[in-house]
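Asks: Before I ask anything, let me first share the structure, which is written out below as structure tokens.
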Amino acid sequence: YLTIKNNILSNQPDGYAAYVNTLPTNSVWDYNNYYSPKNKIGFLNSTQYLSINTWGTAINGEFHGVFSNPFFTNDTMLIPNQILINDVGLPFTDMMYDIDSALRNLLHPDIGCKEFSPCLNDAGIQMIAAPINPILSGIQDVKVILQNQGIDTLTTATIHWQVNGVGQTPYYWSGILASMKNIELTIGSFDFQSAVKYK
């Protein structure tokens with residue numbers, strides 16, 4: 001009879017966001033945000049789940065669940081900056097304040113224990129779309145998901161990127177991207193070598 005709602009379940013660099021040996025009886029899971037860089041959403045009954053949809057089916061929940069990087073300020077200051085979890089939590093009348101005693105939005109609280117306000121203008125990389133592991137050797141396109149993290153419409157962005165600490169040619173984007181929306185971009189290519197670890 002556990003109720004697991006409005007939580008950020010984030011595990012970096014490569015663990016499971018949720019690891020459950022046996023699903024508790026009559027547990028309710030919903031309005032949670034999951035994040036694992038390797039898409040390891042959950043582990044249940046010796047089975048791993050790599051998408052929010054399959055995880056939701058397995059636990060019979062997460063009808064409003066989200067998969068997104070919370071973009072915490074750093075490893076010790078866990079203030080999120082992810083617009084996809086802003087104002088989308090489930091309101092609880094007995095939880096009027098966040099962990100720092102700030103008044104919550106009582107109708108539309110943020111997911112997680114900390115209320116936050118998105119910036120007016122803010123572009124971010126939601127994830128690297130390509131290449132994916134295992135990386136094939138040779139010239140490969142590098143693709144990313146550009147997300148509008150701000151409240152205002154995004155019209156320009158400059159994407160700086162590196163391969164193993166070496167700066168690559170910046171990518172300049174222009175267009176119209178509404179708040180909370182994203183777009184996949186090919187920002188360049190790189191000649192990957194075998195038996196080399198890339199980051």
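Identifiers in the structure tokens: chain A, B, ... in order shown; residue index from 1 per chain; ligand index from 1 in order shown.
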Would you list the contacts of stretch 24-40 of chain A as a ChimeraX atom specification, taking every protein, DNA or RNA residue within 7 Å and counting only C-alpha atoms, but skipping same-chain residues closer than 6 positions in sequence?
Replies: /A:1-17,49-51,61-69,89-90,111
Asks: Assign secondary structure with DSSP using the backbone only, and return the residues of stretch 41-159 of chain A in helix (DSSP H, G or I) as a PyMOL selection string.
Replies: chain A and resi 52-59+83-85
Asks: Write out as a PyMOL selection string all residues of stretch 59-162 of chain A that DSSP puts in strand (DSSP E or B) for this structure's backbone.
Replies: chain A and resi 66-67+97+103+123-130+138-148+154-159+162
Asks: May I ask which of the residues A:Ala123, A:Leu23, A:Ala195, A:Val144 is the closest one to A:Asn81, counting only C-alpha atoms?
Replies: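 Result for the nearest residue to A:Asn81: A:Ala123.
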Asks: Hey, which of A:Phe43, A:Phe72, A:Trp173, A:Phe92 ends up closest to A:Ile159? Count only C-alpha atoms.
Replies: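 Nearest to A:Ile159: A:Trp173.
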